[in-house]
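Trainee: Here you go, this is input-v7.txt (compact mmCIF, C-alpha atoms).
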```txt
# COMPACT_ATOMS: atom_id res chain seq x y z
CA MET A 20 4.79 27.39 32.53
CA SER A 21 3.82 24.11 34.17
CA LYS A 22 1.68 26.00 36.69
CA GLU A 23 -0.72 27.11 33.95
CA LYS A 24 -3.66 24.99 32.91
CA PRO A 25 -2.87 22.94 29.80
CA ALA A 26 -4.68 24.16 26.71
CA GLY A 27 -4.74 23.58 23.00
CA THR A 28 -4.67 19.79 22.74
CA GLY A 29 -6.91 20.17 19.71
CA VAL A 30 -4.33 22.40 18.01
CA ILE A 31 -1.63 19.80 18.58
CA LEU A 32 -3.86 17.13 17.10
CA VAL A 33 -4.62 19.28 14.04
CA THR A 34 -0.92 19.91 13.38
CA LEU A 35 -0.28 16.17 13.68
CA PHE A 36 -3.14 15.43 11.27
CA LEU A 37 -1.70 17.89 8.75
CA ALA A 38 1.70 16.25 9.14
CA GLY A 39 0.07 12.89 8.42
CA LEU A 40 -1.49 14.40 5.32
CA LEU A 41 1.95 15.54 4.11
CA GLU A 42 3.24 12.06 4.85
CA VAL A 43 1.00 10.52 2.16
CA VAL A 44 0.59 13.41 -0.28
CA PRO A 45 1.55 12.15 -3.75
CA LEU A 46 5.01 13.19 -4.95
CA PRO A 47 6.94 12.49 -8.14
CA GLU A 48 8.78 9.19 -7.88
CA ASP A 49 12.25 10.73 -7.55
CA LEU A 50 11.17 13.28 -4.95
CA ASN A 51 9.67 10.45 -2.92
CA TRP A 52 13.13 9.57 -1.68
CA LEU A 53 13.39 13.02 -0.11
CA ARG A 54 10.06 12.86 1.72
CA PRO A 55 10.78 14.13 5.22
CA ASP A 56 9.35 12.41 8.27
CA TRP A 57 6.76 15.13 8.90
CA LEU A 58 4.97 13.36 11.74
CA LEU A 59 8.18 12.87 13.67
CA LEU A 60 9.25 16.50 13.11
CA VAL A 61 5.95 17.84 14.43
CA LEU A 62 5.97 15.38 17.31
CA MET A 63 9.51 16.40 18.26
CA TYR A 64 8.55 20.07 18.19
CA TRP A 65 5.73 19.52 20.67
CA VAL A 66 7.99 17.44 22.92
CA LEU A 67 10.52 20.25 22.83
CA ALA A 68 7.93 22.95 23.52
CA LEU A 69 5.77 21.10 26.06
CA PRO A 70 7.88 18.32 27.60
CA HIS A 71 5.57 18.10 30.62
CA ARG A 72 2.61 17.21 28.37
CA VAL A 73 3.83 15.55 25.20
CA GLY A 74 6.07 12.55 25.71
CA VAL A 75 6.61 8.88 25.03
CA LEU A 76 2.92 7.97 25.12
CA TRP A 77 2.15 10.57 22.46
CA GLY A 78 4.99 9.17 20.39
CA PHE A 79 3.49 5.71 20.68
CA VAL A 80 0.00 6.76 19.59
CA VAL A 81 1.24 8.99 16.76
CA GLY A 82 3.42 6.09 15.64
CA LEU A 83 0.41 3.77 15.55
CA TYR A 84 -1.38 6.37 13.44
CA HIS A 85 1.57 6.39 11.03
CA ASP A 86 1.50 2.58 10.92
CA VAL A 87 -2.12 2.47 9.83
CA LEU A 88 -1.66 5.42 7.49
CA VAL A 89 1.07 3.75 5.45
CA GLY A 90 0.08 0.14 6.13
CA THR A 91 3.24 -1.06 7.87
CA THR A 92 3.35 -3.71 10.58
CA LEU A 93 1.38 -2.38 13.52
CA GLY A 94 3.98 -1.21 16.05
CA GLN A 95 6.80 -0.46 13.62
CA TRP A 96 6.50 3.31 13.73
CA ALA A 97 5.05 3.23 17.26
CA LEU A 98 8.37 1.76 18.35
CA ALA A 99 10.39 4.30 16.35
CA TYR A 100 8.41 7.32 17.51
CA SER A 101 8.38 6.26 21.17
CA LEU A 102 12.15 6.22 20.99
CA GLY A 103 12.28 9.53 19.11
CA ALA A 104 10.06 11.20 21.72
CA TYR A 105 12.14 9.70 24.53
CA PHE A 106 15.41 11.01 23.10
CA MET A 107 13.90 14.44 22.63
CA LEU A 108 12.61 14.35 26.20
CA ALA A 109 16.11 13.56 27.39
CA ALA A 110 17.69 16.34 25.35
CA TYR A 111 15.13 19.15 25.35
CA LYS A 112 16.95 21.36 27.87
CA ARG A 113 20.10 21.33 25.78
CA MET A 114 18.17 21.60 22.52
CA ARG A 115 16.61 24.87 23.64
CA VAL A 116 19.99 26.59 24.00
CA PHE A 117 21.69 25.03 20.98
CA PRO A 118 22.37 27.25 17.94
CA ALA A 119 20.41 26.45 14.77
CA LEU A 120 23.10 24.34 13.10
CA GLN A 121 23.65 22.19 16.16
CA GLN A 122 19.90 21.69 16.55
CA THR A 123 19.74 20.52 12.95
CA ALA A 124 22.54 18.03 13.62
CA VAL A 125 20.74 16.63 16.68
CA VAL A 126 17.50 16.33 14.72
CA PHE A 127 19.40 14.49 11.99
CA LEU A 128 20.61 11.96 14.54
CA LEU A 129 17.21 11.58 16.20
CA VAL A 130 15.25 11.15 12.97
CA GLY A 131 17.98 8.90 11.58
CA SER A 132 18.04 6.58 14.58
CA SER A 133 14.28 6.25 14.78
CA ASN A 134 13.97 5.69 11.02
CA LEU A 135 16.71 3.09 11.20
CA LEU A 136 14.73 1.28 13.88
CA ALA A 137 11.64 1.33 11.65
CA TYR A 138 13.76 0.05 8.74
CA LEU A 139 15.06 -2.83 10.86
CA VAL A 140 11.51 -3.87 11.73
CA GLN A 141 10.49 -3.67 8.08
CA GLU A 142 13.57 -5.65 7.11
CA SER A 143 12.66 -8.36 9.62
CA VAL A 144 9.23 -8.81 8.02
CA GLY A 145 10.81 -8.92 4.57
CA ARG A 146 9.35 -5.74 3.14
CA THR A 147 12.53 -3.86 2.24
CA TYR A 148 13.91 -3.73 -1.23
CA TYR A 149 16.42 -0.90 -1.24
CA PRO A 150 19.54 -0.88 1.00
CA PRO A 151 19.36 0.82 4.41
CA TYR A 152 21.39 3.89 3.45
CA THR A 153 18.42 5.05 1.38
CA ILE A 154 16.69 6.27 4.57
CA LEU A 155 19.43 8.90 4.79
CA TYR A 156 17.81 11.01 2.03
CA GLY A 157 14.58 11.42 3.94
CA THR A 158 16.49 11.97 7.17
CA LEU A 159 18.56 14.73 5.57
CA ALA A 160 15.42 16.40 4.24
CA SER A 161 13.91 16.19 7.73
CA ALA A 162 16.96 17.81 9.31
CA VAL A 163 16.97 20.61 6.73
CA LEU A 164 13.28 21.26 7.35
CA TRP A 165 13.58 21.27 11.14
CA ARG A 166 14.12 25.04 11.50
CA PRO A 167 11.23 26.00 9.16
CA VAL A 168 8.96 23.55 10.98
CA VAL A 169 9.98 25.05 14.32
CA ALA A 170 9.28 28.56 13.04
CA ALA A 171 5.85 27.59 11.72
CA LEU A 172 4.82 25.64 14.81
CA ARG A 173 6.16 28.34 17.15
CA TRP A 174 3.83 30.77 15.39
CA VAL A 175 0.94 28.31 15.74
CA GLN A 176 1.72 27.80 19.40
CA LEU A 177 1.71 31.53 20.18
CA ARG A 178 -1.25 32.27 17.97
CA PHE A 179 -3.49 29.59 19.49
CA LEU A 180 -2.05 29.81 23.01
CA VAL A 181 -1.02 26.16 23.28
CA ARG A 182 0.60 25.49 26.64
CA MET B 176 7.69 18.09 36.26
CA SER B 177 6.18 14.78 35.24
CA SER B 178 5.39 12.42 38.06
CA SER B 179 6.54 9.19 36.44
CA ASN B 180 9.89 8.49 34.89
CA PRO B 181 9.94 8.66 31.07
CA THR B 182 12.34 5.72 30.96
CA TYR B 183 9.66 3.44 32.42
CA ARG B 184 7.19 4.75 29.90
CA LEU B 185 9.65 4.05 27.11
CA LEU B 186 10.10 0.50 28.35
CA ILE B 187 6.33 -0.02 28.45
CA ALA B 188 5.99 1.48 24.96
CA LEU B 189 8.74 -0.77 23.59
CA VAL B 190 7.20 -3.91 25.08
CA LEU B 191 3.74 -2.90 23.81
CA ALA B 192 5.10 -2.20 20.34
CA VAL B 193 6.85 -5.57 20.14
CA VAL B 194 3.73 -7.39 21.36
CA LEU B 195 1.66 -5.54 18.75
CA MET B 196 4.11 -6.40 15.98
CA VAL B 197 4.05 -10.09 16.84
CA LEU B 198 0.25 -10.07 17.08
CA ASP B 199 -0.05 -8.27 13.76
CA GLN B 200 2.34 -10.62 11.98
CA ARG B 201 1.15 -13.92 13.44
CA THR B 202 -2.53 -13.45 14.29
CA PRO B 203 -5.55 -11.50 13.05
CA TRP B 204 -6.15 -10.04 16.54
CA ALA B 205 -4.55 -6.69 15.79
CA GLN B 206 -7.00 -6.02 12.93
CA PRO B 207 -9.58 -4.22 15.15
CA ILE B 208 -6.93 -1.63 16.14
CA ARG B 209 -6.16 -1.03 12.49
CA TYR B 210 -9.87 -0.76 11.73
CA VAL B 211 -10.49 1.87 14.41
CA PHE B 212 -7.46 3.93 13.34
CA GLY B 213 -8.78 3.59 9.80
CA TYR B 214 -11.46 6.15 10.61
CA LEU B 215 -8.70 8.66 11.40
CA THR B 216 -6.33 7.83 8.56
CA ALA B 217 -8.91 7.74 5.76
CA PRO B 218 -9.61 11.51 5.92
CA ALA B 219 -5.89 12.20 5.47
CA GLN B 220 -5.75 9.84 2.49
CA TYR B 221 -8.83 11.36 0.89
CA LEU B 222 -7.55 14.91 1.47
CA ALA B 223 -4.13 14.06 0.04
CA HIS B 224 -5.90 12.97 -3.12
CA LEU B 225 -7.89 16.21 -3.34
CA PRO B 226 -5.39 18.18 -5.49
CA VAL B 227 -5.47 15.41 -8.11
CA ASP B 228 -9.26 15.44 -8.09
CA THR B 229 -9.33 19.23 -8.40
CA ALA B 230 -6.90 19.22 -11.30
CA ARG B 231 -9.01 16.61 -13.07
CA PHE B 232 -12.16 18.65 -12.44
CA VAL B 233 -10.57 21.82 -13.80
CA SER B 234 -9.23 20.10 -16.93
CA ARG B 235 -12.67 18.61 -17.53
CA GLN B 236 -14.32 22.00 -17.17
CA THR B 237 -11.97 23.63 -19.63
CA GLN B 238 -12.17 20.98 -22.36
CA SER B 239 -13.26 22.51 -25.61
CA ARG B 240 -16.30 21.39 -27.60
CA GLY B 241 -14.09 20.06 -30.37
CA GLU B 242 -12.13 17.89 -27.98
CA LEU B 243 -15.33 16.51 -26.50
CA LEU B 244 -16.73 15.67 -29.92
CA GLU B 245 -13.50 13.97 -30.86
CA ASP B 246 -13.59 12.00 -27.62
CA GLN B 247 -17.16 10.97 -28.24
CA GLU B 248 -16.39 9.77 -31.71
CA ARG B 249 -13.45 7.74 -30.51
CA LEU B 250 -15.51 6.18 -27.73
CA ASN B 251 -18.34 5.37 -30.12
CA ARG B 252 -15.92 3.53 -32.36
CA GLN B 253 -14.57 1.67 -29.34
CA VAL B 254 -18.07 0.68 -28.25
CA LEU B 255 -18.81 -0.71 -31.69
CA ILE B 256 -15.70 -2.85 -31.67
CA LEU B 257 -16.37 -4.07 -28.13
CA GLU B 258 -20.00 -4.86 -28.90
CA GLN B 259 -18.96 -6.96 -31.83
CA ARG B 260 -16.61 -8.89 -29.56
CA VAL B 261 -19.31 -9.33 -26.92
CA GLN B 262 -21.63 -10.85 -29.51
CA LYS B 263 -19.09 -13.54 -30.17
CA LEU B 264 -18.47 -13.93 -26.43
CA ALA B 265 -22.11 -14.68 -25.63
CA VAL B 266 -22.08 -17.64 -27.99
CA LEU B 267 -18.72 -18.85 -26.69
CA GLU B 268 -19.82 -18.52 -23.09
CA ALA B 269 -22.94 -20.57 -23.67
CA GLU B 270 -20.91 -23.20 -25.45
CA ASN B 271 -18.33 -23.21 -22.68
CA THR B 272 -21.02 -23.67 -20.01
CA ARG B 273 -22.52 -26.58 -21.95
CA LEU B 274 -19.15 -28.26 -22.32
CA ARG B 275 -18.36 -27.74 -18.66
CA GLU B 276 -21.69 -29.28 -17.73
CA LEU B 277 -20.84 -32.26 -19.88
CA LEU B 278 -17.56 -32.58 -18.02
CA ASN B 279 -19.35 -32.33 -14.68
CA SER B 280 -17.19 -29.44 -13.57
CA SER B 281 -18.61 -26.42 -11.83
CA ALA B 282 -19.71 -23.63 -14.09
CA SER B 283 -17.67 -20.48 -13.93
CA LEU B 284 -19.85 -17.56 -13.03
CA GLU B 285 -19.52 -13.91 -13.68
CA GLY B 286 -18.83 -12.45 -10.27
CA SER B 287 -19.98 -9.26 -8.74
CA VAL B 288 -17.73 -6.36 -9.65
CA LEU B 289 -17.02 -3.24 -7.64
CA VAL B 290 -15.44 -0.13 -9.14
CA ALA B 291 -13.03 1.85 -6.97
CA GLU B 292 -10.79 4.85 -7.42
CA ILE B 293 -7.11 4.91 -6.54
CA ILE B 294 -6.60 7.62 -3.92
CA GLY B 295 -3.04 7.01 -2.83
CA LEU B 296 0.29 5.35 -3.51
CA ASP B 297 2.61 4.02 -0.85
CA PRO B 298 5.10 6.77 0.06
CA ASP B 299 7.73 4.15 0.84
CA PRO B 300 9.67 3.19 -2.33
CA ASN B 301 10.31 -0.23 -0.75
CA ARG B 302 6.66 -1.15 -1.00
CA GLN B 303 4.41 -1.31 -4.04
CA GLU B 304 0.96 -0.67 -2.64
CA ILE B 305 -2.00 1.55 -3.46
CA VAL B 306 -4.95 2.83 -1.47
CA ILE B 307 -8.47 2.67 -2.95
CA ASN B 308 -11.56 4.59 -1.90
CA LYS B 309 -13.75 1.61 -1.03
CA GLY B 310 -13.75 -0.14 2.33
CA ALA B 311 -15.68 -2.57 4.47
CA ARG B 312 -18.80 -0.44 4.16
CA GLU B 313 -18.97 -1.11 0.43
CA GLY B 314 -18.32 -4.79 0.96
CA VAL B 315 -14.62 -5.03 0.14
CA ARG B 316 -13.05 -8.19 1.49
CA ARG B 317 -9.48 -9.18 2.17
CA GLY B 318 -8.02 -11.24 -0.67
CA GLN B 319 -10.16 -9.85 -3.47
CA GLY B 320 -8.45 -9.55 -6.83
CA VAL B 321 -8.00 -6.06 -8.29
CA LEU B 322 -8.10 -5.41 -12.04
CA GLU B 323 -7.47 -2.54 -14.34
CA ALA B 324 -8.81 -2.27 -17.89
CA GLN B 325 -5.77 -4.09 -19.31
CA GLY B 326 -5.17 -6.74 -16.67
CA LEU B 327 -4.67 -7.77 -13.07
CA ILE B 328 -2.87 -5.37 -10.78
CA GLY B 329 -3.00 -6.92 -7.32
CA GLN B 330 -5.00 -8.06 -4.34
CA VAL B 331 -6.66 -6.42 -1.35
CA VAL B 332 -4.49 -6.98 1.72
CA GLU B 333 -6.07 -4.65 4.24
CA VAL B 334 -9.65 -3.44 4.58
CA GLY B 335 -10.42 -0.30 6.53
CA PRO B 336 -13.85 1.19 7.12
CA LEU B 337 -13.54 3.81 4.35
CA ALA B 338 -10.50 2.79 2.33
CA SER B 339 -8.50 -0.35 1.55
CA ARG B 340 -4.92 -1.18 0.67
CA VAL B 341 -3.99 -3.18 -2.40
CA LEU B 342 -0.72 -5.07 -2.72
CA LEU B 343 0.47 -4.76 -6.32
CA ILE B 344 1.81 -7.69 -8.32
CA THR B 345 5.07 -5.74 -8.69
CA ASP B 346 5.79 -5.77 -4.94
CA ALA B 347 8.84 -7.84 -4.01
CA SER B 348 6.79 -9.89 -1.55
CA HIS B 349 4.13 -10.82 -4.11
CA ALA B 350 3.96 -13.94 -6.24
CA MET B 351 1.12 -15.63 -8.10
CA SER B 352 0.41 -18.57 -10.33
CA VAL B 353 0.14 -17.83 -14.06
CA GLN B 354 0.15 -19.78 -17.29
CA VAL B 355 1.25 -18.97 -20.80
CA ASN B 356 -1.89 -18.31 -22.81
CA ARG B 357 -0.44 -19.88 -25.94
CA ASN B 358 0.28 -23.36 -24.58
CA GLY B 359 -0.73 -23.52 -20.93
CA VAL B 360 2.75 -23.76 -19.39
CA ARG B 361 2.38 -22.87 -15.73
CA ALA B 362 4.85 -20.86 -13.67
CA ILE B 363 5.13 -18.53 -10.72
CA LEU B 364 5.15 -14.83 -11.49
CA ALA B 365 6.92 -12.80 -8.80
CA GLY B 366 7.25 -9.07 -8.30
CA THR B 367 10.67 -7.50 -8.13
CA GLY B 368 9.94 -4.32 -6.16
CA GLN B 369 10.40 -2.20 -9.28
CA GLY B 370 7.40 -0.60 -10.88
CA ASN B 371 7.46 -2.25 -14.28
CA THR B 372 9.30 -5.53 -13.94
CA LEU B 373 8.12 -9.01 -13.06
CA ARG B 374 10.02 -12.29 -13.11
CA LEU B 375 8.96 -15.84 -13.94
CA LEU B 376 10.49 -18.14 -11.37
CA TYR B 377 11.70 -21.73 -11.66
CA VAL B 378 10.94 -22.19 -15.34
CA PRO B 379 13.04 -25.03 -16.76
CA ASP B 380 15.44 -24.00 -19.48
CA THR B 381 13.61 -26.21 -21.96
CA ALA B 382 10.10 -24.89 -21.30
CA ASP B 383 8.35 -23.29 -24.24
CA VAL B 384 8.17 -19.64 -23.21
CA GLN B 385 8.86 -16.98 -25.79
CA GLN B 386 9.17 -13.25 -25.93
CA GLY B 387 5.74 -11.66 -26.36
CA ASP B 388 3.83 -14.48 -24.69
CA LEU B 389 0.74 -13.44 -22.75
CA LEU B 390 0.59 -14.68 -19.15
CA VAL B 391 -2.88 -15.17 -17.67
CA SER B 392 -3.94 -15.99 -14.12
CA THR B 393 -4.66 -19.66 -13.43
CA GLY B 394 -6.88 -19.34 -10.40
CA LEU B 395 -4.66 -21.80 -8.53
CA GLY B 396 -3.95 -20.59 -5.04
CA GLN B 397 -7.59 -19.56 -5.03
CA LEU B 398 -6.89 -15.87 -4.60
CA TYR B 399 -7.22 -14.52 -8.10
CA PRO B 400 -10.00 -15.24 -10.56
CA ARG B 401 -8.97 -17.42 -13.44
CA GLY B 402 -8.16 -16.29 -16.95
CA TYR B 403 -7.35 -12.62 -16.61
CA PRO B 404 -4.31 -11.25 -18.45
CA VAL B 405 -1.49 -10.39 -16.07
CA ALA B 406 1.74 -9.78 -17.92
CA GLU B 407 3.64 -10.08 -21.15
CA VAL B 408 7.01 -11.75 -21.49
CA VAL B 409 9.66 -9.18 -22.38
CA SER B 410 12.79 -11.26 -22.54
CA VAL B 411 13.83 -14.89 -22.17
CA ASP B 412 17.46 -15.49 -21.32
CA HIS B 413 18.84 -19.02 -21.49
CA ARG B 414 22.04 -19.06 -19.50
CA SER B 415 24.24 -22.07 -19.90
CA GLY B 416 24.92 -23.74 -16.58
CA ALA B 417 21.85 -22.34 -14.87
CA ALA B 418 18.99 -24.72 -14.11
CA PHE B 419 16.28 -22.21 -14.88
CA ALA B 420 15.71 -19.68 -17.62
CA ASP B 421 15.85 -16.02 -16.70
CA ILE B 422 12.49 -14.64 -17.82
CA VAL B 423 11.42 -11.03 -17.39
CA ALA B 424 7.83 -9.89 -17.87
CA ARG B 425 6.00 -6.58 -17.87
CA PRO B 426 2.55 -6.09 -16.31
CA LYS B 427 -0.24 -5.73 -18.88
CA ALA B 428 -2.01 -3.19 -16.70
CA GLN B 429 -0.64 0.32 -16.74
CA ILE B 430 -0.39 0.50 -13.01
CA ASP B 431 1.22 3.92 -12.83
CA ARG B 432 -1.42 5.48 -15.07
CA ALA B 433 -4.57 3.79 -13.80
CA SER B 434 -7.06 5.89 -11.88
CA HIS B 435 -9.93 3.44 -11.48
CA VAL B 436 -9.82 -0.26 -10.70
CA LEU B 437 -12.25 -3.18 -10.51
CA LEU B 438 -12.56 -5.51 -7.54
CA VAL B 439 -13.56 -9.08 -8.34
CA GLU B 440 -14.22 -12.23 -6.36
CA SER B 441 -12.02 -15.19 -7.01
CA GLU B 442 -13.81 -18.06 -8.73
CA SER B 443 -13.22 -20.54 -5.95
CA VAL B 444 -15.02 -18.34 -3.44
CA GLU B 445 -18.03 -18.01 -5.71
CA SER B 446 -18.28 -21.63 -6.75
CA ALA B 447 -17.81 -22.68 -3.14
CA ALA B 448 -20.77 -20.50 -2.29
CA VAL B 449 -22.84 -21.78 -5.21
CA ASP B 450 -22.27 -25.50 -5.33
CA GLU B 451 -21.79 -26.43 -1.72
CA GLY B 452 -22.41 -30.12 -1.24
CA GLU B 453 -21.18 -31.02 -4.68
CA THR B 454 -18.24 -32.82 -3.17
CA GLY B 455 -18.82 -36.29 -4.52
CA GLN B 456 -17.66 -35.69 -8.06
CA ALA B 457 -14.03 -34.91 -8.47
CA SER B 458 -13.75 -32.99 -11.70
CA PRO B 459 -10.43 -32.84 -13.53
CA ASP B 460 -10.10 -29.18 -12.54
CA VAL B 461 -10.44 -29.86 -8.88
CA THR B 462 -7.93 -32.67 -8.74
CA GLU B 463 -5.45 -30.52 -10.56
CA GLU B 464 -5.92 -27.68 -8.13
CA ASP B 465 -5.49 -30.03 -5.20
CA GLY B 466 -2.28 -31.31 -6.68
CA GLN B 467 -0.69 -27.86 -6.65
```
If you took the structure in this file and wrote it as C-alpha cells, what would it be?

Mentor:
Amino acid sequence: MSKEKPAGTGVILVTLFLAGLLEVVPLPEDLNWLRPDWLLLVLMYWVLALPHRVGVLWGFVVGLYHDVLVGTTLGQWALAYSLGAYFMLAAYKRMRVFPALQQTAVVFLLVGSSNLLAYLVQESVGRTYYPPYTILYGTLASAVLWRPVVAALRWVQLRFLVR
Amino acid sequence: MSSSNPTYRLLIALVLAVVLMVLDQRTPWAQPIRYVFGYLTAPAQYLAHLPVDTARFVSRQTQSRGELLEDQERLNRQVLILEQRVQKLAVLEAENTRLRELLNSSASLEGSVLVAEIIGLDPDPNRQEIVINKGAREGVRRGQGVLEAQGLIGQVVEVGPLASRVLLITDASHAMSVQVNRNGVRAILAGTGQGNTLRLLYVPDTADVQQGDLLVSTGLGQLYPRGYPVAEVVSVDHRSGAAFADIVARPKAQIDRASHVLLVESESVESAAVDEGETGQASPDVTEEDGQ
C-alpha cells in the first residue's frame, strides 16, 4: 500500500470539514451533552487507514482548526488531537484485528483521554463550569458512533480511491 | 514506513501547543493565526446555520395572507407607540445635552450601530458564547457591546474575517458594572454559567435593592455603553450572618430566542475620539470613573 502514490488528500480534507460542521451544528440543549467528538473520530479513522500519511502533525493542525471553530484557547484541542493521533498511531496494527466491541472500547479510551486533556487546559484558564465527568457523555456517544463512522468513511475511501 | 519517529513529532506538537496556549493567553501575538483559520472555520459556521435559515424561509413563504395582515396591524400599532415615545425623547435629549454642556461634561453621542445575525451557539455547555455573521470586514472591533431589542447581551471577544464571537453576560467568566435604575446603587453583575441566571456580587446587606429592580449598565470599565437595560432582579435573600445579600437577576434580553443583535461602541471610545484634548476640565463624571 505504501508503494502506491498517495492520492485523495482533498477527500480527507472534505471529510474533516464536514466533521467540523457537525461539531458546531445547533442541537437542543439537552442533546448538546451527547455531541460526539466528530473531528477526532474522523481523524482517528484516517490515522487507522493511512498511518503512513496521517499522523501527529495532522492531529495538530486539525486540533488548531477545532480551537478556532469553537473559540477555545489556541492549542487546547491541538494538544488533545496530537495525543489522540499519536495513540492511534501506536495502536493501529492491533486496532485492525480487534473485534467491533473491543475497537469501541479502545476508541472510548482514546477519545476520553484526549477530551480529558482538553478539559484540563480549559479548567486551567477558568472556563469550565460543569464537573469533569460530564465529558463522559460525549465520549460515550463518540465510542458508540465509531463503527458507523468507520463504515461510512471506508465507503468514502474506496469510492474516491484515497490511499 | 515513516522516516521519522512519531514520538519526536508528538513531543514537538506538545511543546508547540503549550507555547501557543501561553501566547494566546498572555499576548495578542496568536491572533493572526486565529484570523487566518477564521477563513476556514467561517464556512462551517455559516453552513451549520443553513437549516435554520431554510426553515425560516419556508415558514415565511407559507404564511397566509391573514397572518401577514395581522402582523402588519400589530407592527403598525407598535410603530405608533414607539413614535410617540421618540417624540418625547427628542425633547429630553436636547435638554440633557444642554444640561451636560452647562456641567462641562462631554456630550453623550449616539454611536454607530451595526446589525448582525446570530449564526451559532457554543457547542460546549461550559461556555456561554455566540457567533455572529459580521467580522473585521464589516468593521467589528474587539470589546464592542452587543445588544438585543430588550437589553445588553454581551461583548465581542474575538473578531474573525467573516464572523465574530460574543461572550454573553451569562458566562461564568463574565462580570460587568451595573446600577439600579431606581436609585443608582452600583454593583457588579456576574454570570453564573447558566443560561438565565445572573448574580449581583458584594452588595451590602443594607443596600436598597428590591425584587423587580431594573439594572442598567453604568459605562464604568469603559467596555459597555452607558444606560442600557441589562437585567431585572428576581430575588433578594438576606441571610443572617453573611456580609452580603444574595441577589439573583435575570437578563432582560431573551438571549435564547434572539436572532438578530446590535453592535454598539462604548461611550468612552466615542467621546475619546470626539473630544481629544479636552483634558483640562475634570467633570464630575470623569473623576467618578477614575475612582472606580

Trainee: Pick out the residues sitting within 6 Å of B:Leu438, and hand them over as a PDB file with C-alpha atoms, keeping the file's coordinate frame; count only C-alpha atoms, and ignore anything fewer than 3 positions along from it in its own chain.

Mentor:
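Below you can see selection01.pdb, which holds the result:
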```
ATOM      1  CA  VAL B 288     -17.730  -6.360  -9.650  1.00  0.00           C
ATOM      2  CA  LEU B 289     -17.020  -3.240  -7.640  1.00  0.00           C
ATOM      3  CA  GLY B 320      -8.450  -9.550  -6.830  1.00  0.00           C
ATOM      4  CA  VAL B 321      -8.000  -6.060  -8.290  1.00  0.00           C
TER       5      VAL B 321
END
```

Trainee: Could you tell me which residues of chain A sit within 7 Å of chain B when counting all atoms listed in the file, and give me the result as a ChimeraX atom specification?

Mentor: /A:39-40,43-45,51,71,75,79,84,87-89,92-95,97-98,101-102,105,146-149

Trainee: From (-6.8, -11.7, -3.9), in the file's coordinates, out to 12 Å: which residues are reached, counting only C-alpha atoms? Answer as an mmCIF file with C-alpha atoms, in the coordinates of the input.

Mentor:
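Saved file point_27.cif follows:
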```cif
data_model
loop_
_atom_site.group_PDB
_atom_site.id
_atom_site.type_symbol
_atom_site.label_atom_id
_atom_site.label_comp_id
_atom_site.auth_asym_id
_atom_site.auth_seq_id
_atom_site.Cartn_x
_atom_site.Cartn_y
_atom_site.Cartn_z
ATOM 1 C CA VAL B 315 -14.620 -5.030 0.140
ATOM 2 C CA ARG B 316 -13.050 -8.190 1.490
ATOM 3 C CA ARG B 317 -9.480 -9.180 2.170
ATOM 4 C CA GLY B 318 -8.020 -11.240 -0.670
ATOM 5 C CA GLN B 319 -10.160 -9.850 -3.470
ATOM 6 C CA GLY B 320 -8.450 -9.550 -6.830
ATOM 7 C CA VAL B 321 -8.000 -6.060 -8.290
ATOM 8 C CA LEU B 322 -8.100 -5.410 -12.040
ATOM 9 C CA LEU B 327 -4.670 -7.770 -13.070
ATOM 10 C CA ILE B 328 -2.870 -5.370 -10.780
ATOM 11 C CA GLY B 329 -3.000 -6.920 -7.320
ATOM 12 C CA GLN B 330 -5.000 -8.060 -4.340
ATOM 13 C CA VAL B 331 -6.660 -6.420 -1.350
ATOM 14 C CA VAL B 332 -4.490 -6.980 1.720
ATOM 15 C CA GLU B 333 -6.070 -4.650 4.240
ATOM 16 C CA ARG B 340 -4.920 -1.180 0.670
ATOM 17 C CA VAL B 341 -3.990 -3.180 -2.400
ATOM 18 C CA LEU B 342 -0.720 -5.070 -2.720
ATOM 19 C CA LEU B 343 0.470 -4.760 -6.320
ATOM 20 C CA ILE B 344 1.810 -7.690 -8.320
ATOM 21 C CA HIS B 349 4.130 -10.820 -4.110
ATOM 22 C CA ALA B 350 3.960 -13.940 -6.240
ATOM 23 C CA MET B 351 1.120 -15.630 -8.100
ATOM 24 C CA SER B 352 0.410 -18.570 -10.330
ATOM 25 C CA SER B 392 -3.940 -15.990 -14.120
ATOM 26 C CA GLY B 394 -6.880 -19.340 -10.400
ATOM 27 C CA LEU B 395 -4.660 -21.800 -8.530
ATOM 28 C CA GLY B 396 -3.950 -20.590 -5.040
ATOM 29 C CA GLN B 397 -7.590 -19.560 -5.030
ATOM 30 C CA LEU B 398 -6.890 -15.870 -4.600
ATOM 31 C CA TYR B 399 -7.220 -14.520 -8.100
ATOM 32 C CA PRO B 400 -10.000 -15.240 -10.560
ATOM 33 C CA ARG B 401 -8.970 -17.420 -13.440
ATOM 34 C CA LEU B 438 -12.560 -5.510 -7.540
ATOM 35 C CA VAL B 439 -13.560 -9.080 -8.340
ATOM 36 C CA GLU B 440 -14.220 -12.230 -6.360
ATOM 37 C CA SER B 441 -12.020 -15.190 -7.010
ATOM 38 C CA GLU B 442 -13.810 -18.060 -8.730
ATOM 39 C CA SER B 443 -13.220 -20.540 -5.950
ATOM 40 C CA VAL B 444 -15.020 -18.340 -3.440
#
```

Trainee: Please indicate the distance in Å from atom CA of B:Val233 to atom CA of B:Ser434, rounded to one decimal place.

Mentor: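 So the two atoms, atom CA of B:Val233 and atom CA of B:Ser434, lie 16.4 Å apart.
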
Trainee: Can you measure atom CA of B:Ala338 to atom CA of B:Pro207 for me? One decimal in Å is fine.

Mentor: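 Between these atoms lies a distance of 14.6 Å.
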
Trainee: Rank A:Arg166, A:Lys24, A:Arg173, A:Arg72 by their smallest atom-to-atom distance to A:Ala104, using only C-alpha atoms, and report the top residue only.

Mentor: A:Arg72

Trainee: Let me make sure I understand: among A:Val140, A:Ile154, A:Tyr111, A:Val175, which one has the smallest atom-to-atom distance to A:Phe127 if we use only C-alpha atoms?

Mentor: A:Ile154

Trainee: Using only C-alpha atoms, which of the listed residues (A:Met63, A:Leu135, A:Val73, A:Val163) sits closest to A:Met107?

Mentor: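 For A:Met107, the nearest of the candidates is A:Met63.
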
Trainee: List the neighbours of A:Ala110 out to 12 Å using all atoms listed in the file; skip same-chain residues closer than 6 positions along the sequence, and give me the result as a VMD selection string.

Mentor: chain A and resid 63 66 to 68 70 103 to 104 116 to 117 122 125 to 126 129

Trainee: Residues at most 12 Å from A:Trp165, counting all atoms listed in the file, excluding those fewer than 3 positions away in the same chain, as number ranges by chain?

Mentor: A: 55-64, 119-127, 129-130, 158-162, 168-173
